[in-house]
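What follows is a short report on a single structure.
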Amino acid sequence: MSERIKEQVQQQFAKNAGKYVSSALHAKGADLELLVSASQAHRDMKVLDIATGGGHVANALAPLVKQVTAYDLTEEMLKSAAAFIQGNGHRNVDFIRGDAEALPFAAASFELVTCRIAAHHFPDIPAFISEAGRVLKPGGRLQLIDNVAPEDKALAGFYNEVEKLRDPSHVRALPKSEWIQLLERSGFRLEALICFAKPFNFADWCERAGLAQPEQERVKAAFLQAPQGTRDFFSIREDGGELLGFTGEAAYMQASKVRPD
């Protein structure tokens, strides 16, 4: 099952790679600004950006640090990210293809590991966190941003269902409480957790995933037929039976690798 999911991820992002470079939702935002400002970046720092996608984190940190490794499962995403980052004149970024759950790097190789808007595609998030901790130096930081599910199980189930309908490579958005438990059980100390409302335009959300019209109709029906409490929670917006958008949530999490005694 895990390998099948990873094949779906590669298929999904290979055909839509360029859209994620140009996507305003990924290219900008308060979450990206917060990550960079809180990174404590310096000229001797080596950074690993896991699931780099369009390369926006790697691009933002490259002028501030010694070296960035942009790492992604999908070759086409790496090519698009490389064109974007190198086109901006950055020459201190390496592009390496690989699995977030099995990093090909030696222990204690990086001062900073980042991962933005990607972990909901990982089949084994505990393995990803463990690997991030392994390659970090003691005292190093993990900066993680992802879409998060509500704590309420019914609302979380709805959110993950519509995400899966839109994009079969979606695995699961975790609630914040589960992220905290996973990080602390994996040898991290949580330093910050900041939440962001995340408004989605329905047409743009579907177009970025390359969703065909019949599939769009199924996703739209799931939203429009949702119970009133669900519609209120996600601020589902419609006009004359047309779905305009909804609002989800993302969380910025910053954790440090606990130093050995």
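If you're wondering about the labels, chains in the structure tokens are A, B, ... by order shown, residues count from 1 in each chain, ligands from 1 in order shown.
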Write down as a PDB file with N, CA and C atoms, in the first residue's frame the residues belonging to segment 20-240 of chain A that are assigned helix (DSSP H, G or I) by DSSP computed on the backbone.
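And here's states-v9.pdb as it stands now:
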ATOM      1  N   TYR A  20       2.743  24.083  -9.300  1.00  0.00           N
ATOM      2  CA  TYR A  20       3.128  24.301  -7.905  1.00  0.00           C
ATOM      3  C   TYR A  20       4.240  25.339  -7.781  1.00  0.00           C
ATOM      4  N   VAL A  21       5.012  25.535  -8.833  1.00  0.00           N
ATOM      5  CA  VAL A  21       6.001  26.611  -8.828  1.00  0.00           C
ATOM      6  C   VAL A  21       5.297  27.963  -8.902  1.00  0.00           C
ATOM      7  N   SER A  22       4.274  28.052  -9.753  1.00  0.00           N
ATOM      8  CA  SER A  22       3.595  29.329  -9.977  1.00  0.00           C
ATOM      9  C   SER A  22       2.442  29.589  -9.017  1.00  0.00           C
ATOM     10  N   ALA A  24       0.266  30.812  -6.256  1.00  0.00           N
ATOM     11  CA  ALA A  24       0.424  31.888  -5.268  1.00  0.00           C
ATOM     12  C   ALA A  24       0.298  31.354  -3.850  1.00  0.00           C
ATOM     13  N   LEU A  25      -0.526  30.330  -3.672  1.00  0.00           N
ATOM     14  CA  LEU A  25      -0.720  29.742  -2.350  1.00  0.00           C
ATOM     15  C   LEU A  25       0.574  29.139  -1.813  1.00  0.00           C
ATOM     16  N   HIS A  26       1.426  28.633  -2.719  1.00  0.00           N
ATOM     17  CA  HIS A  26       2.689  28.017  -2.319  1.00  0.00           C
ATOM     18  C   HIS A  26       3.855  29.010  -2.368  1.00  0.00           C
ATOM     19  N   ALA A  27       3.798  29.932  -3.321  1.00  0.00           N
ATOM     20  CA  ALA A  27       4.923  30.839  -3.537  1.00  0.00           C
ATOM     21  C   ALA A  27       5.017  31.930  -2.484  1.00  0.00           C
ATOM     22  N   ALA A  30       1.945  34.096   4.748  1.00  0.00           N
ATOM     23  CA  ALA A  30       2.480  34.393   6.076  1.00  0.00           C
ATOM     24  C   ALA A  30       3.242  33.213   6.648  1.00  0.00           C
ATOM     25  N   ASP A  31       2.837  31.983   6.266  1.00  0.00           N
ATOM     26  CA  ASP A  31       3.521  30.808   6.806  1.00  0.00           C
ATOM     27  C   ASP A  31       4.958  30.716   6.306  1.00  0.00           C
ATOM     28  N   LEU A  32       5.171  31.026   5.024  1.00  0.00           N
ATOM     29  CA  LEU A  32       6.525  31.010   4.459  1.00  0.00           C
ATOM     30  C   LEU A  32       7.380  32.122   5.077  1.00  0.00           C
ATOM     31  N   GLU A  33       6.783  33.285   5.238  1.00  0.00           N
ATOM     32  CA  GLU A  33       7.504  34.394   5.863  1.00  0.00           C
ATOM     33  C   GLU A  33       7.905  34.049   7.295  1.00  0.00           C
ATOM     34  N   LEU A  34       7.002  33.395   8.024  1.00  0.00           N
ATOM     35  CA  LEU A  34       7.299  33.008   9.400  1.00  0.00           C
ATOM     36  C   LEU A  34       8.424  31.989   9.438  1.00  0.00           C
ATOM     37  N   LEU A  35       8.373  31.002   8.566  1.00  0.00           N
ATOM     38  CA  LEU A  35       9.421  29.977   8.524  1.00  0.00           C
ATOM     39  C   LEU A  35      10.796  30.620   8.324  1.00  0.00           C
ATOM     40  N   VAL A  36      10.890  31.519   7.369  1.00  0.00           N
ATOM     41  CA  VAL A  36      12.187  32.140   7.078  1.00  0.00           C
ATOM     42  C   VAL A  36      12.641  33.010   8.247  1.00  0.00           C
ATOM     43  N   SER A  37      11.738  33.805   8.801  1.00  0.00           N
ATOM     44  CA  SER A  37      12.127  34.708   9.886  1.00  0.00           C
ATOM     45  C   SER A  37      12.507  33.958  11.164  1.00  0.00           C
ATOM     46  N   ALA A  38      11.907  32.772  11.374  1.00  0.00           N
ATOM     47  CA  ALA A  38      12.184  31.991  12.585  1.00  0.00           C
ATOM     48  C   ALA A  38      13.313  30.981  12.395  1.00  0.00           C
ATOM     49  N   HIS A  56       9.981  26.664  -3.049  1.00  0.00           N
ATOM     50  CA  HIS A  56       9.850  28.013  -2.494  1.00  0.00           C
ATOM     51  C   HIS A  56      10.612  28.197  -1.178  1.00  0.00           C
ATOM     52  N   VAL A  57      10.631  27.168  -0.334  1.00  0.00           N
ATOM     53  CA  VAL A  57      11.400  27.272   0.909  1.00  0.00           C
ATOM     54  C   VAL A  57      12.895  27.306   0.602  1.00  0.00           C
ATOM     55  N   ALA A  58      13.340  26.411  -0.250  1.00  0.00           N
ATOM     56  CA  ALA A  58      14.755  26.366  -0.634  1.00  0.00           C
ATOM     57  C   ALA A  58      15.187  27.682  -1.267  1.00  0.00           C
ATOM     58  N   ASN A  59      14.336  28.243  -2.090  1.00  0.00           N
ATOM     59  CA  ASN A  59      14.641  29.506  -2.757  1.00  0.00           C
ATOM     60  C   ASN A  59      14.754  30.645  -1.752  1.00  0.00           C
ATOM     61  N   ALA A  60      13.857  30.664  -0.748  1.00  0.00           N
ATOM     62  CA  ALA A  60      13.859  31.741   0.238  1.00  0.00           C
ATOM     63  C   ALA A  60      15.059  31.664   1.172  1.00  0.00           C
ATOM     64  N   LEU A  61      15.507  30.436   1.486  1.00  0.00           N
ATOM     65  CA  LEU A  61      16.615  30.275   2.426  1.00  0.00           C
ATOM     66  C   LEU A  61      17.988  30.327   1.748  1.00  0.00           C
ATOM     67  N   ALA A  62      18.053  30.039   0.469  1.00  0.00           N
ATOM     68  CA  ALA A  62      19.344  29.949  -0.221  1.00  0.00           C
ATOM     69  C   ALA A  62      20.234  31.178  -0.044  1.00  0.00           C
ATOM     70  N   PRO A  63      19.713  32.411  -0.112  1.00  0.00           N
ATOM     71  CA  PRO A  63      20.602  33.572   0.046  1.00  0.00           C
ATOM     72  C   PRO A  63      21.131  33.754   1.459  1.00  0.00           C
ATOM     73  N   LEU A  64      20.570  33.022   2.423  1.00  0.00           N
ATOM     74  CA  LEU A  64      20.875  33.257   3.830  1.00  0.00           C
ATOM     75  C   LEU A  64      21.799  32.217   4.434  1.00  0.00           C
ATOM     76  N   GLU A  75      10.810  13.458  -9.794  1.00  0.00           N
ATOM     77  CA  GLU A  75      11.860  14.043 -10.625  1.00  0.00           C
ATOM     78  C   GLU A  75      11.398  15.317 -11.322  1.00  0.00           C
ATOM     79  N   GLU A  76      10.169  15.306 -11.812  1.00  0.00           N
ATOM     80  CA  GLU A  76       9.657  16.480 -12.526  1.00  0.00           C
ATOM     81  C   GLU A  76       9.531  17.688 -11.609  1.00  0.00           C
ATOM     82  N   MET A  77       9.182  17.461 -10.354  1.00  0.00           N
ATOM     83  CA  MET A  77       9.121  18.566  -9.405  1.00  0.00           C
ATOM     84  C   MET A  77      10.512  19.145  -9.171  1.00  0.00           C
ATOM     85  N   LEU A  78      11.508  18.280  -9.054  1.00  0.00           N
ATOM     86  CA  LEU A  78      12.874  18.758  -8.863  1.00  0.00           C
ATOM     87  C   LEU A  78      13.347  19.581 -10.053  1.00  0.00           C
ATOM     88  N   LYS A  79      12.996  19.149 -11.255  1.00  0.00           N
ATOM     89  CA  LYS A  79      13.398  19.903 -12.453  1.00  0.00           C
ATOM     90  C   LYS A  79      12.749  21.286 -12.469  1.00  0.00           C
ATOM     91  N   SER A  80      11.466  21.334 -12.122  1.00  0.00           N
ATOM     92  CA  SER A  80      10.770  22.623 -12.086  1.00  0.00           C
ATOM     93  C   SER A  80      11.345  23.519 -10.996  1.00  0.00           C
ATOM     94  N   ALA A  81      11.623  22.929  -9.829  1.00  0.00           N
ATOM     95  CA  ALA A  81      12.206  23.700  -8.731  1.00  0.00           C
ATOM     96  C   ALA A  81      13.588  24.219  -9.098  1.00  0.00           C
ATOM     97  N   ALA A  82      14.389  23.376  -9.763  1.00  0.00           N
ATOM     98  CA  ALA A  82      15.740  23.788 -10.157  1.00  0.00           C
ATOM     99  C   ALA A  82      15.698  24.950 -11.137  1.00  0.00           C
ATOM    100  N   ALA A  83      14.777  24.877 -12.100  1.00  0.00           N
ATOM    101  CA  ALA A  83      14.658  25.971 -13.069  1.00  0.00           C
ATOM    102  C   ALA A  83      14.276  27.271 -12.369  1.00  0.00           C
ATOM    103  N   PHE A  84      13.380  27.177 -11.417  1.00  0.00           N
ATOM    104  CA  PHE A  84      12.926  28.349 -10.657  1.00  0.00           C
ATOM    105  C   PHE A  84      14.049  28.919  -9.791  1.00  0.00           C
ATOM    106  N   ILE A  85      14.702  28.072  -9.015  1.00  0.00           N
ATOM    107  CA  ILE A  85      15.716  28.535  -8.064  1.00  0.00           C
ATOM    108  C   ILE A  85      16.975  29.016  -8.774  1.00  0.00           C
ATOM    109  N   GLN A  86      17.444  28.253  -9.736  1.00  0.00           N
ATOM    110  CA  GLN A  86      18.638  28.660 -10.477  1.00  0.00           C
ATOM    111  C   GLN A  86      18.357  29.888 -11.330  1.00  0.00           C
ATOM    112  N   GLY A  87      17.111  30.009 -11.781  1.00  0.00           N
ATOM    113  CA  GLY A  87      16.714  31.207 -12.525  1.00  0.00           C
ATOM    114  C   GLY A  87      16.767  32.457 -11.677  1.00  0.00           C
ATOM    115  N   ALA A 119       3.502  16.913   4.118  1.00  0.00           N
ATOM    116  CA  ALA A 119       3.484  15.698   4.933  1.00  0.00           C
ATOM    117  C   ALA A 119       2.172  14.925   4.836  1.00  0.00           C
ATOM    118  N   HIS A 120       1.086  15.601   4.436  1.00  0.00           N
ATOM    119  CA  HIS A 120      -0.181  14.883   4.290  1.00  0.00           C
ATOM    120  C   HIS A 120      -0.153  13.894   3.121  1.00  0.00           C
ATOM    121  N   HIS A 121       0.934  13.893   2.351  1.00  0.00           N
ATOM    122  CA  HIS A 121       1.119  12.897   1.289  1.00  0.00           C
ATOM    123  C   HIS A 121       2.001  11.723   1.726  1.00  0.00           C
ATOM    124  N   ILE A 125       4.234   8.952   8.494  1.00  0.00           N
ATOM    125  CA  ILE A 125       4.738  10.193   9.085  1.00  0.00           C
ATOM    126  C   ILE A 125       5.697   9.935  10.246  1.00  0.00           C
ATOM    127  N   PRO A 126       5.469   8.933  11.107  1.00  0.00           N
ATOM    128  CA  PRO A 126       6.469   8.664  12.151  1.00  0.00           C
ATOM    129  C   PRO A 126       7.856   8.366  11.574  1.00  0.00           C
ATOM    130  N   ALA A 127       7.926   7.648  10.447  1.00  0.00           N
ATOM    131  CA  ALA A 127       9.223   7.370   9.822  1.00  0.00           C
ATOM    132  C   ALA A 127       9.865   8.659   9.319  1.00  0.00           C
ATOM    133  N   PHE A 128       9.063   9.549   8.737  1.00  0.00           N
ATOM    134  CA  PHE A 128       9.561  10.841   8.277  1.00  0.00           C
ATOM    135  C   PHE A 128      10.142  11.646   9.440  1.00  0.00           C
ATOM    136  N   ILE A 129       9.411  11.716  10.560  1.00  0.00           N
ATOM    137  CA  ILE A 129       9.895  12.472  11.716  1.00  0.00           C
ATOM    138  C   ILE A 129      11.173  11.847  12.270  1.00  0.00           C
ATOM    139  N   SER A 130      11.205  10.527  12.341  1.00  0.00           N
ATOM    140  CA  SER A 130      12.397   9.843  12.842  1.00  0.00           C
ATOM    141  C   SER A 130      13.607  10.135  11.966  1.00  0.00           C
ATOM    142  N   GLU A 131      13.423  10.099  10.663  1.00  0.00           N
ATOM    143  CA  GLU A 131      14.519  10.371   9.741  1.00  0.00           C
ATOM    144  C   GLU A 131      14.967  11.835   9.828  1.00  0.00           C
ATOM    145  N   ALA A 132      14.010  12.741   9.972  1.00  0.00           N
ATOM    146  CA  ALA A 132      14.369  14.154  10.127  1.00  0.00           C
ATOM    147  C   ALA A 132      15.224  14.344  11.376  1.00  0.00           C
ATOM    148  N   GLY A 133      14.854  13.663  12.455  1.00  0.00           N
ATOM    149  CA  GLY A 133      15.646  13.749  13.682  1.00  0.00           C
ATOM    150  C   GLY A 133      17.026  13.140  13.526  1.00  0.00           C
ATOM    151  N   ARG A 134      17.112  12.056  12.782  1.00  0.00           N
ATOM    152  CA  ARG A 134      18.405  11.374  12.604  1.00  0.00           C
ATOM    153  C   ARG A 134      19.409  12.273  11.888  1.00  0.00           C
ATOM    154  N   VAL A 135      18.954  12.981  10.838  1.00  0.00           N
ATOM    155  CA  VAL A 135      19.903  13.759  10.034  1.00  0.00           C
ATOM    156  C   VAL A 135      20.176  15.139  10.629  1.00  0.00           C
ATOM    157  N   LYS A 153     -13.494  14.238  15.178  1.00  0.00           N
ATOM    158  CA  LYS A 153     -13.269  13.128  14.244  1.00  0.00           C
ATOM    159  C   LYS A 153     -14.160  13.210  13.012  1.00  0.00           C
ATOM    160  N   ALA A 154     -15.414  13.620  13.182  1.00  0.00           N
ATOM    161  CA  ALA A 154     -16.314  13.713  12.039  1.00  0.00           C
ATOM    162  C   ALA A 154     -15.858  14.799  11.066  1.00  0.00           C
ATOM    163  N   LEU A 155     -15.462  15.946  11.606  1.00  0.00           N
ATOM    164  CA  LEU A 155     -14.972  17.034  10.750  1.00  0.00           C
ATOM    165  C   LEU A 155     -13.652  16.654  10.080  1.00  0.00           C
ATOM    166  N   ALA A 156     -12.779  15.982  10.835  1.00  0.00           N
ATOM    167  CA  ALA A 156     -11.511  15.522  10.248  1.00  0.00           C
ATOM    168  C   ALA A 156     -11.771  14.524   9.137  1.00  0.00           C
ATOM    169  N   GLY A 157     -12.728  13.626   9.352  1.00  0.00           N
ATOM    170  CA  GLY A 157     -13.062  12.646   8.320  1.00  0.00           C
ATOM    171  C   GLY A 157     -13.571  13.309   7.058  1.00  0.00           C
ATOM    172  N   PHE A 158     -14.407  14.328   7.214  1.00  0.00           N
ATOM    173  CA  PHE A 158     -14.915  15.061   6.048  1.00  0.00           C
ATOM    174  C   PHE A 158     -13.772  15.730   5.293  1.00  0.00           C
ATOM    175  N   TYR A 159     -12.902  16.416   6.042  1.00  0.00           N
ATOM    176  CA  TYR A 159     -11.812  17.138   5.382  1.00  0.00           C
ATOM    177  C   TYR A 159     -10.901  16.178   4.611  1.00  0.00           C
ATOM    178  N   ASN A 160     -10.523  15.080   5.218  1.00  0.00           N
ATOM    179  CA  ASN A 160      -9.646  14.132   4.524  1.00  0.00           C
ATOM    180  C   ASN A 160     -10.358  13.461   3.351  1.00  0.00           C
ATOM    181  N   GLU A 161     -11.663  13.286   3.476  1.00  0.00           N
ATOM    182  CA  GLU A 161     -12.423  12.686   2.373  1.00  0.00           C
ATOM    183  C   GLU A 161     -12.413  13.572   1.135  1.00  0.00           C
ATOM    184  N   VAL A 162     -12.700  14.872   1.318  1.00  0.00           N
ATOM    185  CA  VAL A 162     -12.738  15.758   0.152  1.00  0.00           C
ATOM    186  C   VAL A 162     -11.337  15.956  -0.423  1.00  0.00           C
ATOM    187  N   GLU A 163     -10.319  15.987   0.431  1.00  0.00           N
ATOM    188  CA  GLU A 163      -8.948  16.083  -0.075  1.00  0.00           C
ATOM    189  C   GLU A 163      -8.592  14.861  -0.914  1.00  0.00           C
ATOM    190  N   LYS A 164      -9.017  13.693  -0.462  1.00  0.00           N
ATOM    191  CA  LYS A 164      -8.736  12.449  -1.186  1.00  0.00           C
ATOM    192  C   LYS A 164      -9.502  12.397  -2.504  1.00  0.00           C
ATOM    193  N   LEU A 165     -10.737  12.893  -2.518  1.00  0.00           N
ATOM    194  CA  LEU A 165     -11.504  12.952  -3.764  1.00  0.00           C
ATOM    195  C   LEU A 165     -10.823  13.862  -4.781  1.00  0.00           C
ATOM    196  N   ARG A 166     -10.293  14.954  -4.282  1.00  0.00           N
ATOM    197  CA  ARG A 166      -9.602  15.902  -5.169  1.00  0.00           C
ATOM    198  C   ARG A 166      -8.265  15.360  -5.654  1.00  0.00           C
ATOM    199  N   LYS A 176      -3.658  18.687  15.125  1.00  0.00           N
ATOM    200  CA  LYS A 176      -2.491  19.267  15.800  1.00  0.00           C
ATOM    201  C   LYS A 176      -2.038  18.413  16.982  1.00  0.00           C
ATOM    202  N   SER A 177      -2.999  17.862  17.722  1.00  0.00           N
ATOM    203  CA  SER A 177      -2.639  17.065  18.896  1.00  0.00           C
ATOM    204  C   SER A 177      -1.796  15.856  18.520  1.00  0.00           C
ATOM    205  N   GLU A 178      -2.081  15.266  17.369  1.00  0.00           N
ATOM    206  CA  GLU A 178      -1.304  14.098  16.940  1.00  0.00           C
ATOM    207  C   GLU A 178       0.106  14.493  16.532  1.00  0.00           C
ATOM    208  N   TRP A 179       0.242  15.648  15.899  1.00  0.00           N
ATOM    209  CA  TRP A 179       1.579  16.136  15.552  1.00  0.00           C
ATOM    210  C   TRP A 179       2.423  16.329  16.811  1.00  0.00           C
ATOM    211  N   ILE A 180       1.837  16.932  17.825  1.00  0.00           N
ATOM    212  CA  ILE A 180       2.580  17.183  19.066  1.00  0.00           C
ATOM    213  C   ILE A 180       3.058  15.873  19.681  1.00  0.00           C
ATOM    214  N   GLN A 181       2.179  14.898  19.741  1.00  0.00           N
ATOM    215  CA  GLN A 181       2.551  13.603  20.311  1.00  0.00           C
ATOM    216  C   GLN A 181       3.675  12.944  19.515  1.00  0.00           C
ATOM    217  N   LEU A 182       3.553  12.968  18.185  1.00  0.00           N
ATOM    218  CA  LEU A 182       4.570  12.327  17.345  1.00  0.00           C
ATOM    219  C   LEU A 182       5.927  12.993  17.510  1.00  0.00           C
ATOM    220  N   LEU A 183       5.949  14.312  17.532  1.00  0.00           N
ATOM    221  CA  LEU A 183       7.214  15.026  17.661  1.00  0.00           C
ATOM    222  C   LEU A 183       7.874  14.745  19.012  1.00  0.00           C
ATOM    223  N   GLU A 184       7.085  14.830  20.075  1.00  0.00           N
ATOM    224  CA  GLU A 184       7.684  14.654  21.402  1.00  0.00           C
ATOM    225  C   GLU A 184       8.117  13.207  21.630  1.00  0.00           C
ATOM    226  N   ARG A 185       7.417  12.251  21.051  1.00  0.00           N
ATOM    227  CA  ARG A 185       7.812  10.857  21.199  1.00  0.00           C
ATOM    228  C   ARG A 185       9.031  10.501  20.351  1.00  0.00           C
ATOM    229  N   PHE A 202     -12.291  27.326  -4.813  1.00  0.00           N
ATOM    230  CA  PHE A 202     -12.579  25.973  -5.270  1.00  0.00           C
ATOM    231  C   PHE A 202     -12.037  25.702  -6.673  1.00  0.00           C
ATOM    232  N   ALA A 203     -12.248  26.619  -7.607  1.00  0.00           N
ATOM    233  CA  ALA A 203     -11.799  26.401  -8.985  1.00  0.00           C
ATOM    234  C   ALA A 203     -10.278  26.264  -9.044  1.00  0.00           C
ATOM    235  N   ASP A 204      -9.567  27.145  -8.336  1.00  0.00           N
ATOM    236  CA  ASP A 204      -8.101  27.092  -8.316  1.00  0.00           C
ATOM    237  C   ASP A 204      -7.607  25.820  -7.639  1.00  0.00           C
ATOM    238  N   TRP A 205      -8.244  25.438  -6.544  1.00  0.00           N
ATOM    239  CA  TRP A 205      -7.899  24.230  -5.787  1.00  0.00           C
ATOM    240  C   TRP A 205      -7.998  22.998  -6.681  1.00  0.00           C
ATOM    241  N   CYS A 206      -9.063  22.927  -7.478  1.00  0.00           N
ATOM    242  CA  CYS A 206      -9.245  21.789  -8.382  1.00  0.00           C
ATOM    243  C   CYS A 206      -8.285  21.850  -9.564  1.00  0.00           C
ATOM    244  N   GLU A 207      -8.083  23.039 -10.107  1.00  0.00           N
ATOM    245  CA  GLU A 207      -7.231  23.179 -11.286  1.00  0.00           C
ATOM    246  C   GLU A 207      -5.793  22.814 -10.984  1.00  0.00           C
ATOM    247  N   ARG A 208      -5.316  23.173  -9.783  1.00  0.00           N
ATOM    248  CA  ARG A 208      -3.937  22.869  -9.408  1.00  0.00           C
ATOM    249  C   ARG A 208      -3.694  21.362  -9.337  1.00  0.00           C
ATOM    250  N   GLN A 213     -13.568  17.514 -14.999  1.00  0.00           N
ATOM    251  CA  GLN A 213     -14.883  18.034 -14.633  1.00  0.00           C
ATOM    252  C   GLN A 213     -15.757  17.033 -13.872  1.00  0.00           C
ATOM    253  N   PRO A 214     -15.833  15.763 -14.287  1.00  0.00           N
ATOM    254  CA  PRO A 214     -16.672  14.827 -13.513  1.00  0.00           C
ATOM    255  C   PRO A 214     -16.214  14.677 -12.066  1.00  0.00           C
ATOM    256  N   GLU A 215     -14.909  14.652 -11.844  1.00  0.00           N
ATOM    257  CA  GLU A 215     -14.379  14.551 -10.484  1.00  0.00           C
ATOM    258  C   GLU A 215     -14.650  15.841  -9.700  1.00  0.00           C
ATOM    259  N   GLN A 216     -14.557  16.986 -10.392  1.00  0.00           N
ATOM    260  CA  GLN A 216     -14.882  18.250  -9.734  1.00  0.00           C
ATOM    261  C   GLN A 216     -16.322  18.254  -9.240  1.00  0.00           C
ATOM    262  N   GLU A 217     -17.218  17.690 -10.032  1.00  0.00           N
ATOM    263  CA  GLU A 217     -18.624  17.648  -9.644  1.00  0.00           C
ATOM    264  C   GLU A 217     -18.830  16.782  -8.415  1.00  0.00           C
ATOM    265  N   ARG A 218     -18.093  15.689  -8.302  1.00  0.00           N
ATOM    266  CA  ARG A 218     -18.210  14.825  -7.128  1.00  0.00           C
ATOM    267  C   ARG A 218     -17.710  15.532  -5.874  1.00  0.00           C
ATOM    268  N   VAL A 219     -16.599  16.255  -6.019  1.00  0.00           N
ATOM    269  CA  VAL A 219     -16.076  16.996  -4.868  1.00  0.00           C
ATOM    270  C   VAL A 219     -17.043  18.111  -4.479  1.00  0.00           C
ATOM    271  N   LYS A 220     -17.556  18.812  -5.470  1.00  0.00           N
ATOM    272  CA  LYS A 220     -18.508  19.894  -5.196  1.00  0.00           C
ATOM    273  C   LYS A 220     -19.736  19.371  -4.469  1.00  0.00           C
ATOM    274  N   ALA A 221     -20.250  18.216  -4.907  1.00  0.00           N
ATOM    275  CA  ALA A 221     -21.431  17.638  -4.271  1.00  0.00           C
ATOM    276  C   ALA A 221     -21.153  17.300  -2.808  1.00  0.00           C
ATOM    277  N   ALA A 222     -19.955  16.797  -2.516  1.00  0.00           N
ATOM    278  CA  ALA A 222     -19.605  16.462  -1.130  1.00  0.00           C
ATOM    279  C   ALA A 222     -19.665  17.709  -0.247  1.00  0.00           C
ATOM    280  N   PHE A 223     -19.207  18.842  -0.758  1.00  0.00           N
ATOM    281  CA  PHE A 223     -19.264  20.085   0.004  1.00  0.00           C
ATOM    282  C   PHE A 223     -20.701  20.577   0.167  1.00  0.00           C
ATOM    283  N   LEU A 224     -21.432  20.622  -0.943  1.00  0.00           N
ATOM    284  CA  LEU A 224     -22.761  21.218  -0.911  1.00  0.00           C
ATOM    285  C   LEU A 224     -23.771  20.365  -0.155  1.00  0.00           C
ATOM    286  N   GLN A 228     -24.978  21.119   8.074  1.00  0.00           N
ATOM    287  CA  GLN A 228     -24.818  22.544   8.320  1.00  0.00           C
ATOM    288  C   GLN A 228     -23.649  22.834   9.247  1.00  0.00           C
ATOM    289  N   GLY A 229     -23.431  21.990  10.258  1.00  0.00           N
ATOM    290  CA  GLY A 229     -22.315  22.206  11.164  1.00  0.00           C
ATOM    291  C   GLY A 229     -20.973  22.137  10.451  1.00  0.00           C
ATOM    292  N   THR A 230     -20.868  21.214   9.500  1.00  0.00           N
ATOM    293  CA  THR A 230     -19.647  21.091   8.701  1.00  0.00           C
ATOM    294  C   THR A 230     -19.483  22.303   7.798  1.00  0.00           C
ATOM    295  N   ARG A 231     -20.590  22.728   7.184  1.00  0.00           N
ATOM    296  CA  ARG A 231     -20.545  23.907   6.302  1.00  0.00           C
ATOM    297  C   ARG A 231     -20.098  25.144   7.085  1.00  0.00           C
ATOM    298  N   ASP A 232     -20.590  25.263   8.313  1.00  0.00           N
ATOM    299  CA  ASP A 232     -20.212  26.417   9.128  1.00  0.00           C
ATOM    300  C   ASP A 232     -18.739  26.350   9.532  1.00  0.00           C
ATOM    301  N   PHE A 233     -18.291  25.174   9.947  1.00  0.00           N
ATOM    302  CA  PHE A 233     -16.911  25.039  10.429  1.00  0.00           C
ATOM    303  C   PHE A 233     -15.914  25.380   9.329  1.00  0.00           C
TER     304      PHE A 233
END
Those of segment 6-240 of chain A in DSSP strand (DSSP E or B), formatted as number ranges by chain = A: 46-50, 67-72, 93-97, 110-116, 136-147, 149, 175, 188-201, 237-239
Please build the interface table for segment 140-180 of chain A against segment 250-253 of chain A with a cut-off of 9 Å, listing for each qualifying residue the nearest atom pair and the distance in Å to one decimal; count only C-alpha atoms, order rows by chain and increasing number, and write it as a tab-separated table.
residue	atom	partner	partner_atom	distance
A:Leu142	CA	A:Met253	CA	8.0
A:Gln143	CA	A:Met253	CA	5.9
A:Leu144	CA	A:Met253	CA	5.1
A:Ile145	CA	A:Tyr252	CA	4.5
A:Asp146	CA	A:Ala250	CA	5.4
A:Asn147	CA	A:Ala250	CA	4.1
A:Val148	CA	A:Ala250	CA	5.3
A:Ala149	CA	A:Ala250	CA	8.5
A:Lys176	CA	A:Ala251	CA	7.6
A:Trp179	CA	A:Met253	CA	8.7
A:Ile180	CA	A:Met253	CA	8.8
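Remark: for Leu190 of chain A, the closest of the candidate residues A:Ala70, A:Gly248, A:Ala255, A:Ala106 is A:Ala255 (distances computed over only C-alpha atoms).
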